[in-house]
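Novice: Take a look at this one; I'll ask things after.
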Amino acid sequence: MKKTLRGSFGTAVAALGLAASIVVPAGAVTVKVDPILLKTTTITAAATVASSGATFDTPFFNAAFPVYSARNSKATVSAYGAGGSGAGQSAIMGNTVNFSASDVPMTATDISNASSSLSATKGSLSDYVQIPVALGGVAIAFRASAITGAKNYSKDGFVLDATTIAKIYTGAITYWNDPAICALNPKYSVTYKGKKSCSLPEKAIVVNARSDSSGTTYIFKDYMHAAAPTIFTSTPSKTTMVTSGNGFVGGSGNQGVAANLENTDYSIGYVEYSYVLLNKTLEAAKIKNASGKVVAISPASIAAAAATKSTVSSTDFSIVNATGNTAYPISGYSWAMVRKNQSGDSKASTYAEAELTVKLLDWLTHSAPAKSGYTFGQDIAAQQGYVALPAAAQTVARNGLLTITYNGSAILK
Amino acid sequence: MTVFDTQLPPDPMLERRRLVQEASAKKLRGRKIRSSVFMSSLSGALVVSVIPLGFIIAALISKGASVISGTFLTATPIQPNLLDQDNIGGIGNAITGSLLVDGVAALIAVPLGVLIGLYLSESDSRPSAILRAVAEIMTGLPSILFGVFSYIYIVTAMKGYSALAASIALSMLMTPVITKAAETALRDVPVTLKEAGLALGARQSKVTLKVILPYAFPGVFTGVLLALARAIGETAPLLFVIGASIIYDWNPSHPNTAMPLMIFNYAGSFYESQQAAAWGVALTLVTIVFALNMIARLVAARMRREQR
Amino acid sequence: MTVQTAMQSEGAGRNPARGFKPRAGSDRLYNLALRTVAVLFAAIVAAFVWSVLHQSLPAWGKYGFGFLFGTNWAPSEDVFGAAPLLLATLITTGVALLFAVPIGIGTALVLTFVLPRKISTPLRSIVELLAAVPSVVYGLWGLSIVVPWMSHTVQPWLASFTDSKGVFSGNQLGLGLATASIVLSIMVLPTIVAVSRDVLANVPNDQIEGALSLGATRGQVMTKVVLPAAKFGNLGAISLGTGRALGETVAVAMVIGQSPAMPGSLFSLGSTLASTIAGQYIDSQPMHLAALGACAVILMVLTAGVNFLARLLVRRTAGK
């Protein structure tokens with residue numbers, strides 16, 4: 001794996017991150033920053049917060065929490081406990097954390113299925129506030145030297161759509177030069193004696209998938225089910241797609257899949273966007289979205305997909321298969337869950353702890369306006385390979401946090 | 001003399017002896033060749049046995065030594081990002097995490113193991129024979145099963161991951177090892193010592209405390225060190241009970257991390273700097289484990305010398 | 001032993017002929033304390049076995065014994081059959097033993113009979129150090145060094161023997177059953193060497209000397225006298241090694257490829273019982289968790305059985 005960032009997108013991310021991390025003396029700020037945001041790094045008394053949940057957010061939180069702690073001398077932010085979405089949900093239901101993160105928002109079914117040891121504290125779905133906390137995309141990464149080495153690759157890329165992807169992942173398409181794939185990539189052709197034929201390699205596709213429970217798998221399955229429901233019939237879940245019969249190559253974690261892809265020619269798989277950024281040998285396929293436009297994965301295209309649903313909520317959260325000229329169709333949010341009534345059945349034992357919880361979440365879910373000289377959580381997320389939450393999602397997060405109360409009154413003011 | 005110069009008929013016994021010697025000489029050559037082939041294949045086996053260790057140690061030193069520094073051993077982990085991929089901070093909290101988890105595990109396992117070893121050494125009843133067999137079988141069980149046990153009872157009850165849950169899983173692993181070592185050491189105490197103590201009028205408990213245990217101490221100590229060396233290197237029982245942490249934390253009820261877990265996570269990491277760090281942690285871990293083994297061996301050797 | 005027991009339970013100084021009940025209060029307390037701890041330990045072990053069994057019940061309820069023969073492990077379809085996992089476990093263990101047993105017993109023979117004590121003692125320590133290396137370090141070494149070596153060098157070489165068909169067919173990813181077997185064999189080797197060495201050292205000297213005096217070559221003494229005499233002990237050593245290989249989790253998980261495919265060749269990716277539990281336990285749905293619990297039960301039965309067998313075999317040679 002090469003260390004240098006790849007492509008113009010990587011440079012853009014780097015530039016944004018670098019610019020955002022320059023701290024300018026407060027008096028020199030010329031751009032207006034939301035007043036509530038400015039107060040997120042001060043709390044009334046010393047407090048500690050704990051959090052746990054999905055591994056998707058680990059790099060983000062591990063990078064962001066120390067930055068926040070450095071700015072807020074009264075705050076102790078315990079290290080994020082990545083143990084999976086399920087563990088995070090159990091933790092918030094059991095009040096052992098102040099907030100937890102999950103790839104998929106909690107549902108009423110999750111609460112009713114919770115283990116009996118949680119029945120005293122779990123409450124009901126309305127006891128919780130769920131806000132988007134991170135945004136990411138899932139790249140369809142592939143390694144096929146014959147394709148990437150072709151003369152027209154840098155111009156045309158390699159295109160797939162929902163139907164072909166779903167067919168690959170259900171075993172209906174098994175060769176790289178399947179007619180359906182060839183139809184999407186007409187530029188890969190040779191003309192012989194007046195007849196045009198597909199020049200894609202006649203090789204079997206080695207299909208890679210995650211072998212462990214994963215939010216990335218959820219978003220991917222969600223996309224296939226939403227965009228090609230007749231082909232990919234199973235409902236989305238985080239469970240591994242690798243079975244004994246389908247011959248998929250399993251990888252543990254995004255890194256495992258990325259490593260397998262690197263080592264096998266003619267293989268395809270799905271990985272978190274940041275893995276394609278970091279990995280020079282992996283190429284991402286361009287996807288033909290529901291509007292018929294061919295889109296490459298990038299922070300801009302993921303943000304465009306997120307923009308199609310400005311009213312995203314914990315009950316209507318899927319942004320896969322987004323329409324639009326530049327929307328990348330395999331994108332998804334990660335969610336934070338926190339108790340609505342912090343003085344009631346929740347982990348917070350003091351007002352300061354509740355205040356810290358809410359302010360930390362507000363700080364995490366916002367980005368600083370350009371040239372303001374500030375860095376907030378989403379700026380750090382961008383450095384880590386996520387896409388900063390679009391303005392609409394940041395508003396949804398803020399609105400959710402405004403409803404959190406302590407002793408009847410809102411904490412965020 | 002001339003009488004015996006005449007041609008006597010060949011003595012059948014001598015003839016027979018000559019034939020047998022010829023045959024066995026031929027066979028001897030064959031046997032010797034087969035034997036030397038066998039013996040050289042044995043030496044080959046020995047060489048093959050030792051080579052992998054050489055490779056592993058060479059890899060540990062060449063890849064791990066360059067990563068280790070004062071900062072590496074004392075700082076806490078830093079999350080590398082796309083702009084700064086090389087700064088991974090350090091592994092200090094994994095070292096203290098291991099100390100905490102294994103320390104608490106030893107606190108549980110040593111008294112438990114020694115007491116059970118004591119019980120088994122003094123009893124030959126049917127129940128104790130079963131218990132002895134169970135303890136010995138437990139030393140051979142996959143350690144992940146203890147992690148499952150700790151998850152089902154401790155993690156669920158505490159509603160979260162913790163160092164204590166990991167300690168309990170590890171103590172399940174250590175106790176049978178210590179029991180076995182303790183029982184062997186205690187049974188090795190010469191009967192004459194015990195009888196002398198009893199004959200002098202001391203009570204059983206006093207005899208045990210003042211005579212038997214001190215005598216058996218080196219053997220028990222060796223067992224404890226070996227159990228500890230094994231526990232320090234275990235990853236599987238920690239996987240789903242200890243959670244994760246990037247700060248120094250001495251509270252057993254909080255999630256934590258440990259050296260083997262850090263190696264496991266970093267080995268499959270995204271960033272090359274973390275992959276290199278994995279070797280640094282591995283070298284640290286192996287050094288500690290080897291040191292414990294060496295000390296155990298020295299104690300055992302001294303004990304054998306003293307007892308002769 | 002009975003005299004000693006009598007004396008112990010008496011608290012010497014009292015009348016030894018007077019029955020077996022301990023008279024001294026502290027002695028009774030002492031015995032009570034020991035017995036309590038023993039019962040406590042037994043209770044913990046029982047809780048341990050029960051917890052794993054209890055978690056697996058839904059899986060046994062749904063599949064019965066067919067669980068062991070089901071050929072499809074498909075968590076996303078809520079279908080669970082353990083045969084691929086069981087096969088991967090048995091194959092990796094089997095191939096590992098194929099290497100570790102001859103090399104291990106051969107090494108033990110050399111250490112016991114051939115080398116002078118000055119060389120054999122440090123060499124023994126070196127082989128035993130292999131046993132002290134933590135499993136995760138084997139995994140790290142396996143992943144960083146063995147896997148690329150397998151993928152670039154060994155797998156193509158092996159495939160050339162069978163023209164990439166049969167037992168050496170399939171993608172040469174470096175991960176897979178073959179690599180896991182090699183790493184396992186190295187991990188199991190020290191166990192076999194250590195136990196076998198102890199067993200061989202206990203072979204009565206007069207048998208060996210007798211054979212030598214009859215004119216047997218060293219090789220003949222080893223193969224026809226020593227090994228048969230140490231037969232049960234060596235089988236015990238092999239059993240212990242088997243137990244370790246069956247249950248090895250972390251190193252295998254790191255190099256085996258984590259795909260529960262029915263093993264078709266040595267290069268197949270696989271997933272053993274232990275590595276599947278390790279990889280899929282977190283965040284799994286209820287039936288999935290039960291199926292993993294059932295795998296844990298199978299693993300427990302297999303390793304306990306093999307260890308029990310080892311005990312019997314080693315005890316038999318030692319003459320207990």
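Chain identifiers are assigned as A, B, and so on, following the order in which chains appear in the structure tokens; residues are numbered from 1 within each chain, and ligands are numbered from 1 in order of appearance.
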Output as a ChimeraX atom specification all residues of region 111-148 of chain C that backbone DSSP marks as alpha helix (DSSP H).
Specialist: /C:117-132,135-141,147-148
Novice: Neighbouring residues of Leu261 (chain B) were defined as those with any atom within 12 Å, considering only C-alpha atoms; residues of the same chain fewer than 3 positions away were excluded. Please report them as a PDB file with N, CA and C atoms, in the first residue's frame.
Specialist:
```
ATOM      1  N   ILE B  91       2.090   2.587  22.837  1.00  0.00           N
ATOM      2  CA  ILE B  91       1.302   1.445  23.299  1.00  0.00           C
ATOM      3  C   ILE B  91       1.290   1.380  24.815  1.00  0.00           C
ATOM      4  N   ASN B  93      -0.672   2.326  27.122  1.00  0.00           N
ATOM      5  CA  ASN B  93      -1.859   1.868  27.846  1.00  0.00           C
ATOM      6  C   ASN B  93      -2.136   0.391  27.622  1.00  0.00           C
ATOM      7  N   ALA B  94      -1.594  -0.163  26.546  1.00  0.00           N
ATOM      8  CA  ALA B  94      -1.758  -1.612  26.350  1.00  0.00           C
ATOM      9  C   ALA B  94      -0.893  -2.373  27.344  1.00  0.00           C
ATOM     10  N   ILE B  95       0.287  -1.823  27.636  1.00  0.00           N
ATOM     11  CA  ILE B  95       1.155  -2.482  28.611  1.00  0.00           C
ATOM     12  C   ILE B  95       0.513  -2.442  29.989  1.00  0.00           C
ATOM     13  N   GLY B  97      -2.632  -1.984  30.578  1.00  0.00           N
ATOM     14  CA  GLY B  97      -3.855  -2.784  30.496  1.00  0.00           C
ATOM     15  C   GLY B  97      -3.555  -4.251  30.728  1.00  0.00           C
ATOM     16  N   SER B  98      -2.493  -4.743  30.079  1.00  0.00           N
ATOM     17  CA  SER B  98      -2.099  -6.137  30.300  1.00  0.00           C
ATOM     18  C   SER B  98      -1.768  -6.364  31.771  1.00  0.00           C
ATOM     19  N   ALA B 166     -12.352  -9.607  31.433  1.00  0.00           N
ATOM     20  CA  ALA B 166     -11.191 -10.256  30.833  1.00  0.00           C
ATOM     21  C   ALA B 166     -10.384 -11.004  31.887  1.00  0.00           C
ATOM     22  N   ILE B 232      -0.608 -13.848  29.673  1.00  0.00           N
ATOM     23  CA  ILE B 232      -0.228 -12.563  29.101  1.00  0.00           C
ATOM     24  C   ILE B 232      -0.322 -12.594  27.582  1.00  0.00           C
ATOM     25  N   GLY B 233      -0.079 -13.765  26.993  1.00  0.00           N
ATOM     26  CA  GLY B 233      -0.070 -13.825  25.546  1.00  0.00           C
ATOM     27  C   GLY B 233      -1.417 -14.127  24.916  1.00  0.00           C
ATOM     28  N   GLU B 234      -2.434 -14.360  25.726  1.00  0.00           N
ATOM     29  CA  GLU B 234      -3.714 -14.802  25.170  1.00  0.00           C
ATOM     30  C   GLU B 234      -4.514 -13.655  24.568  1.00  0.00           C
ATOM     31  N   THR B 235      -5.071 -13.894  23.414  1.00  0.00           N
ATOM     32  CA  THR B 235      -5.909 -12.891  22.761  1.00  0.00           C
ATOM     33  C   THR B 235      -7.368 -13.317  22.736  1.00  0.00           C
ATOM     34  N   ALA B 236      -7.599 -14.580  22.394  1.00  0.00           N
ATOM     35  CA  ALA B 236      -8.970 -15.053  22.155  1.00  0.00           C
ATOM     36  C   ALA B 236      -9.936 -14.754  23.298  1.00  0.00           C
ATOM     37  N   PRO B 237      -9.551 -14.960  24.568  1.00  0.00           N
ATOM     38  CA  PRO B 237     -10.532 -14.695  25.621  1.00  0.00           C
ATOM     39  C   PRO B 237     -10.870 -13.212  25.755  1.00  0.00           C
ATOM     40  N   LEU B 238      -9.986 -12.337  25.216  1.00  0.00           N
ATOM     41  CA  LEU B 238     -10.220 -10.909  25.381  1.00  0.00           C
ATOM     42  C   LEU B 238     -11.111 -10.331  24.295  1.00  0.00           C
ATOM     43  N   LEU B 239     -11.180 -11.045  23.171  1.00  0.00           N
ATOM     44  CA  LEU B 239     -11.777 -10.468  21.972  1.00  0.00           C
ATOM     45  C   LEU B 239     -13.139  -9.827  22.168  1.00  0.00           C
ATOM     46  N   PHE B 240     -14.045 -10.537  22.854  1.00  0.00           N
ATOM     47  CA  PHE B 240     -15.341  -9.867  23.002  1.00  0.00           C
ATOM     48  C   PHE B 240     -15.723  -9.634  24.453  1.00  0.00           C
ATOM     49  N   VAL B 241     -14.739  -9.422  25.311  1.00  0.00           N
ATOM     50  CA  VAL B 241     -15.104  -9.039  26.675  1.00  0.00           C
ATOM     51  C   VAL B 241     -14.409  -7.785  27.166  1.00  0.00           C
ATOM     52  N   ILE B 242     -13.336  -7.376  26.509  1.00  0.00           N
ATOM     53  CA  ILE B 242     -12.562  -6.294  27.107  1.00  0.00           C
ATOM     54  C   ILE B 242     -12.852  -4.936  26.487  1.00  0.00           C
ATOM     55  N   GLY B 243     -13.520  -4.889  25.350  1.00  0.00           N
ATOM     56  CA  GLY B 243     -13.808  -3.601  24.742  1.00  0.00           C
ATOM     57  C   GLY B 243     -12.568  -3.001  24.093  1.00  0.00           C
ATOM     58  N   ALA B 244     -12.433  -1.694  24.213  1.00  0.00           N
ATOM     59  CA  ALA B 244     -11.298  -1.020  23.611  1.00  0.00           C
ATOM     60  C   ALA B 244     -10.993   0.229  24.419  1.00  0.00           C
ATOM     61  N   SER B 245      -9.770   0.693  24.335  1.00  0.00           N
ATOM     62  CA  SER B 245      -9.425   1.906  25.080  1.00  0.00           C
ATOM     63  C   SER B 245      -8.183   2.531  24.478  1.00  0.00           C
ATOM     64  N   ASN B 256     -10.886  -1.822  28.521  1.00  0.00           N
ATOM     65  CA  ASN B 256      -9.462  -1.586  28.496  1.00  0.00           C
ATOM     66  C   ASN B 256      -8.892  -2.231  27.248  1.00  0.00           C
ATOM     67  N   THR B 257      -7.582  -2.261  27.162  1.00  0.00           N
ATOM     68  CA  THR B 257      -6.964  -2.984  26.065  1.00  0.00           C
ATOM     69  C   THR B 257      -5.764  -3.721  26.608  1.00  0.00           C
ATOM     70  N   ALA B 258      -5.154  -4.558  25.798  1.00  0.00           N
ATOM     71  CA  ALA B 258      -4.013  -5.330  26.250  1.00  0.00           C
ATOM     72  C   ALA B 258      -3.091  -5.554  25.063  1.00  0.00           C
ATOM     73  N   PHE B 264      -3.250  -7.910  17.501  1.00  0.00           N
ATOM     74  CA  PHE B 264      -4.309  -8.451  16.645  1.00  0.00           C
ATOM     75  C   PHE B 264      -4.951  -7.343  15.812  1.00  0.00           C
ATOM     76  N   ASN B 265      -5.246  -6.214  16.454  1.00  0.00           N
ATOM     77  CA  ASN B 265      -5.901  -5.123  15.736  1.00  0.00           C
ATOM     78  C   ASN B 265      -4.964  -4.452  14.750  1.00  0.00           C
ATOM     79  N   TYR B 266      -3.740  -4.219  15.166  1.00  0.00           N
ATOM     80  CA  TYR B 266      -2.803  -3.514  14.308  1.00  0.00           C
ATOM     81  C   TYR B 266      -2.336  -4.387  13.138  1.00  0.00           C
ATOM     82  N   ALA B 267      -2.286  -5.697  13.347  1.00  0.00           N
ATOM     83  CA  ALA B 267      -1.792  -6.575  12.280  1.00  0.00           C
ATOM     84  C   ALA B 267      -2.661  -6.443  11.046  1.00  0.00           C
ATOM     85  N   GLY B 268      -3.977  -6.273  11.273  1.00  0.00           N
ATOM     86  CA  GLY B 268      -4.881  -6.191  10.139  1.00  0.00           C
ATOM     87  C   GLY B 268      -5.242  -4.748   9.844  1.00  0.00           C
ATOM     88  N   ALA B 278       2.663  -3.110  15.196  1.00  0.00           N
ATOM     89  CA  ALA B 278       2.281  -4.449  15.662  1.00  0.00           C
ATOM     90  C   ALA B 278       3.517  -5.269  15.991  1.00  0.00           C
ATOM     91  N   VAL B 281       4.966  -4.127  19.347  1.00  0.00           N
ATOM     92  CA  VAL B 281       4.249  -4.686  20.488  1.00  0.00           C
ATOM     93  C   VAL B 281       4.586  -6.157  20.641  1.00  0.00           C
ATOM     94  N   ALA B 282       4.660  -6.857  19.496  1.00  0.00           N
ATOM     95  CA  ALA B 282       4.947  -8.289  19.540  1.00  0.00           C
ATOM     96  C   ALA B 282       6.298  -8.543  20.186  1.00  0.00           C
ATOM     97  N   LEU B 285       5.980  -8.001  23.884  1.00  0.00           N
ATOM     98  CA  LEU B 285       5.242  -9.104  24.505  1.00  0.00           C
ATOM     99  C   LEU B 285       6.099 -10.356  24.609  1.00  0.00           C
TER     100      LEU B 285
ATOM    101  N   PRO C 134       3.378 -16.361  21.968  1.00  0.00           N
ATOM    102  CA  PRO C 134       1.922 -16.241  21.971  1.00  0.00           C
ATOM    103  C   PRO C 134       1.327 -16.483  20.595  1.00  0.00           C
ATOM    104  N   SER C 135       0.115 -16.965  20.606  1.00  0.00           N
ATOM    105  CA  SER C 135      -0.568 -17.323  19.370  1.00  0.00           C
ATOM    106  C   SER C 135      -0.696 -16.137  18.418  1.00  0.00           C
ATOM    107  N   VAL C 136      -0.969 -14.956  18.969  1.00  0.00           N
ATOM    108  CA  VAL C 136      -1.179 -13.801  18.097  1.00  0.00           C
ATOM    109  C   VAL C 136       0.114 -13.418  17.370  1.00  0.00           C
ATOM    110  N   VAL C 137       1.261 -13.692  17.991  1.00  0.00           N
ATOM    111  CA  VAL C 137       2.536 -13.401  17.322  1.00  0.00           C
ATOM    112  C   VAL C 137       2.732 -14.365  16.159  1.00  0.00           C
ATOM    113  N   GLY C 139       0.298 -15.501  14.519  1.00  0.00           N
ATOM    114  CA  GLY C 139      -0.631 -14.974  13.522  1.00  0.00           C
ATOM    115  C   GLY C 139      -0.026 -13.800  12.760  1.00  0.00           C
ATOM    116  N   LEU C 140       0.615 -12.901  13.495  1.00  0.00           N
ATOM    117  CA  LEU C 140       1.242 -11.734  12.868  1.00  0.00           C
ATOM    118  C   LEU C 140       2.323 -12.184  11.897  1.00  0.00           C
ATOM    119  N   VAL C 250      -6.641 -17.714  17.325  1.00  0.00           N
ATOM    120  CA  VAL C 250      -6.242 -16.420  16.781  1.00  0.00           C
ATOM    121  C   VAL C 250      -5.301 -16.556  15.593  1.00  0.00           C
TER     122      VAL C 250
END
```
Novice: For region 65-79 of chain B, list every protein, DNA or RNA residue within 10 Å, evaluated using only C-alpha atoms, and leave out those in the same chain fewer than 5 positions away; present the list as a PyMOL selection string.
Specialist: (chain A and resi 58-64+66+384) or (chain B and resi 59-60+84-96+245-248+271+273-274+276-284)
Novice: Give me the residues within 9 Å of region 170-172 of chain C as a list of chain:residue names, counting only C-alpha atoms and dropping any in the same chain fewer than 2 places off.
Specialist: A:Asn263, A:Thr264, C:Met150, C:Ser151, C:His152, C:Gln155, C:Pro156, C:Ala159, C:Ser164, C:Lys165, C:Gly166, C:Val167, C:Phe168, C:Gly174, C:Leu175, C:Gly176, C:Gly264, C:Ser265, C:Leu266, C:Phe267, C:Ser268
Novice: Please compute the CA of Leu186 (chain B)-CA of Ile238 (chain C) distance, one decimal, in Å.
Specialist: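 Spanning CA of Leu186 (chain B) to CA of Ile238 (chain C) is a straight-line distance of 28.3 Å.
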Novice: Can you check which parts of chain A lie within 7 Å of chain C? Per residue, the shortest pair of atoms and distance in Å to one decimal, counting only C-alpha atoms, sorted by chain and number, as JSON lines.
Specialist:
```
{"residue": "A:Gly84", "atom": "CA", "partner": "C:Asp283", "partner_atom": "CA", "distance": 5.9}
{"residue": "A:Ser85", "atom": "CA", "partner": "C:Asp283", "partner_atom": "CA", "distance": 6.8}
{"residue": "A:Gly86", "atom": "CA", "partner": "C:Asp283", "partner_atom": "CA", "distance": 5.1}
{"residue": "A:Ala87", "atom": "CA", "partner": "C:Asp283", "partner_atom": "CA", "distance": 6.8}
{"residue": "A:Ser211", "atom": "CA", "partner": "C:Gln258", "partner_atom": "CA", "distance": 6.2}
{"residue": "A:Asp212", "atom": "CA", "partner": "C:Gln280", "partner_atom": "CA", "distance": 5.4}
{"residue": "A:Ser213", "atom": "CA", "partner": "C:Asp283", "partner_atom": "CA", "distance": 6.3}
{"residue": "A:Thr239", "atom": "CA", "partner": "C:Ser76", "partner_atom": "CA", "distance": 5.3}
{"residue": "A:Thr240", "atom": "CA", "partner": "C:Ser76", "partner_atom": "CA", "distance": 5.9}
{"residue": "A:Met241", "atom": "CA", "partner": "C:Ser76", "partner_atom": "CA", "distance": 5.6}
{"residue": "A:Val242", "atom": "CA", "partner": "C:Ser259", "partner_atom": "CA", "distance": 6.4}
{"residue": "A:Thr243", "atom": "CA", "partner": "C:Ala74", "partner_atom": "CA", "distance": 4.3}
{"residue": "A:Ser244", "atom": "CA", "partner": "C:Ala261", "partner_atom": "CA", "distance": 4.0}
{"residue": "A:Gly245", "atom": "CA", "partner": "C:Asn72", "partner_atom": "CA", "distance": 6.2}
{"residue": "A:Gly247", "atom": "CA", "partner": "C:Ala261", "partner_atom": "CA", "distance": 6.5}
{"residue": "A:Val249", "atom": "CA", "partner": "C:Ser259", "partner_atom": "CA", "distance": 6.0}
{"residue": "A:Gly250", "atom": "CA", "partner": "C:Ser259", "partner_atom": "CA", "distance": 4.7}
{"residue": "A:Gly251", "atom": "CA", "partner": "C:Gln258", "partner_atom": "CA", "distance": 6.3}
{"residue": "A:Ser252", "atom": "CA", "partner": "C:Gln258", "partner_atom": "CA", "distance": 6.9}
{"residue": "A:Asn263", "atom": "CA", "partner": "C:Leu173", "partner_atom": "CA", "distance": 6.3}
{"residue": "A:Thr264", "atom": "CA", "partner": "C:Leu173", "partner_atom": "CA", "distance": 6.5}
```
Novice: For Ile298 (chain C), please output as a ChimeraX atom specification all residues within 9 Å (counting only C-alpha atoms; exclusion window: fewer than 5 positions along the same chain).
Specialist: /C:68,86,273,293,303
Novice: I'd like the contact shell of region 35-49 of chain B - 6 Å cut-off, only C-alpha atoms, skipping same-chain residues fewer than 6 positions apart - returned as a ChimeraX atom specification.
Specialist: /C:103,106-107,219
Novice: Limited to N, CA and C atoms, could you put the picked residues into a file as an mmCIF file, in the first residue's frame?
Specialist:
```cif
data_model
loop_
_atom_site.group_PDB
_atom_site.id
_atom_site.type_symbol
_atom_site.label_atom_id
_atom_site.label_comp_id
_atom_site.auth_asym_id
_atom_site.auth_seq_id
_atom_site.Cartn_x
_atom_site.Cartn_y
_atom_site.Cartn_z
ATOM 1 N N ILE C 103 8.265 -34.935 12.628
ATOM 2 C CA ILE C 103 9.334 -34.010 13.002
ATOM 3 C C ILE C 103 9.464 -33.943 14.514
ATOM 4 N N GLY C 106 10.790 -37.285 15.926
ATOM 5 C CA GLY C 106 12.173 -37.385 15.513
ATOM 6 C C GLY C 106 13.077 -36.483 16.346
ATOM 7 N N THR C 107 12.616 -35.244 16.540
ATOM 8 C CA THR C 107 13.390 -34.314 17.367
ATOM 9 C C THR C 107 13.537 -34.847 18.783
ATOM 10 N N GLY C 219 19.528 -47.250 14.581
ATOM 11 C CA GLY C 219 18.222 -47.083 13.962
ATOM 12 C C GLY C 219 17.266 -48.184 14.356
#
```
Novice: Do you know which residues are at most 10 Å from Lys32 (chain A) counting only C-alpha atoms, after dropping those on the same chain fewer than 5 positions away, and could you put them as number ranges by chain?
Specialist: A: 368-372
Novice: Let's have the selection written as a short mmCIF file (atom, residue, chain, number, x, y, z; two decimals), in the first residue's frame, with N, CA and C atoms.
Specialist:
```cif
data_model
loop_
_atom_site.label_atom_id
_atom_site.label_comp_id
_atom_site.auth_asym_id
_atom_site.auth_seq_id
_atom_site.Cartn_x
_atom_site.Cartn_y
_atom_site.Cartn_z
N ALA A 368 -16.85 23.54 10.58
CA ALA A 368 -16.62 24.97 10.66
C ALA A 368 -16.81 25.61 9.28
N PRO A 369 -17.38 26.80 9.26
CA PRO A 369 -17.49 27.48 7.96
C PRO A 369 -16.09 27.75 7.41
N ALA A 370 -16.01 27.81 6.10
CA ALA A 370 -14.71 28.01 5.48
C ALA A 370 -14.10 29.33 5.93
N LYS A 371 -12.79 29.34 6.12
CA LYS A 371 -12.04 30.53 6.49
C LYS A 371 -12.41 31.07 7.87
N SER A 372 -13.09 30.27 8.68
CA SER A 372 -13.41 30.76 10.02
C SER A 372 -12.27 30.53 10.98
#
```
Novice: So, counting only C-alpha atoms, which residue among B:Val155, B:Val110, B:Val148, B:Ile33 is closest to chain A?
Specialist: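 Closest to chain A, using only C-alpha atoms: B:Val155.
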Novice: Show me, as a list in words, the residues of chain A whose atoms get within 7 Å of chain B, using only C-alpha atoms for the distance check.
Specialist: Ala14, Pro59, Asn62, Ala63, Ala79, Tyr80, Gly81, Ala82, Gly83, Ala91, Gly94, Thr96, Gln255, Gly256, Gln383, Gln384 and Gly385 of chain A
Novice: For chain C, which of B:Leu118, B:Ala106, B:Met174, B:Leu213 is the closest residue, counting only C-alpha atoms?
Specialist: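 Result for the nearest residue to chain C: B:Leu118.
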Novice: Have a look at B:Glu15, B:Ala163, B:Asp102, B:Val114 and name the one nearest to chain C; count only C-alpha atoms.
Specialist: B:Val114
Novice: Of the candidates C:Val37, C:Val199, C:Ala237, C:Ala43, which one gets nearest to chain B if we count only C-alpha atoms?
Specialist: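 Smallest separation from chain B among the options: C:Val37.
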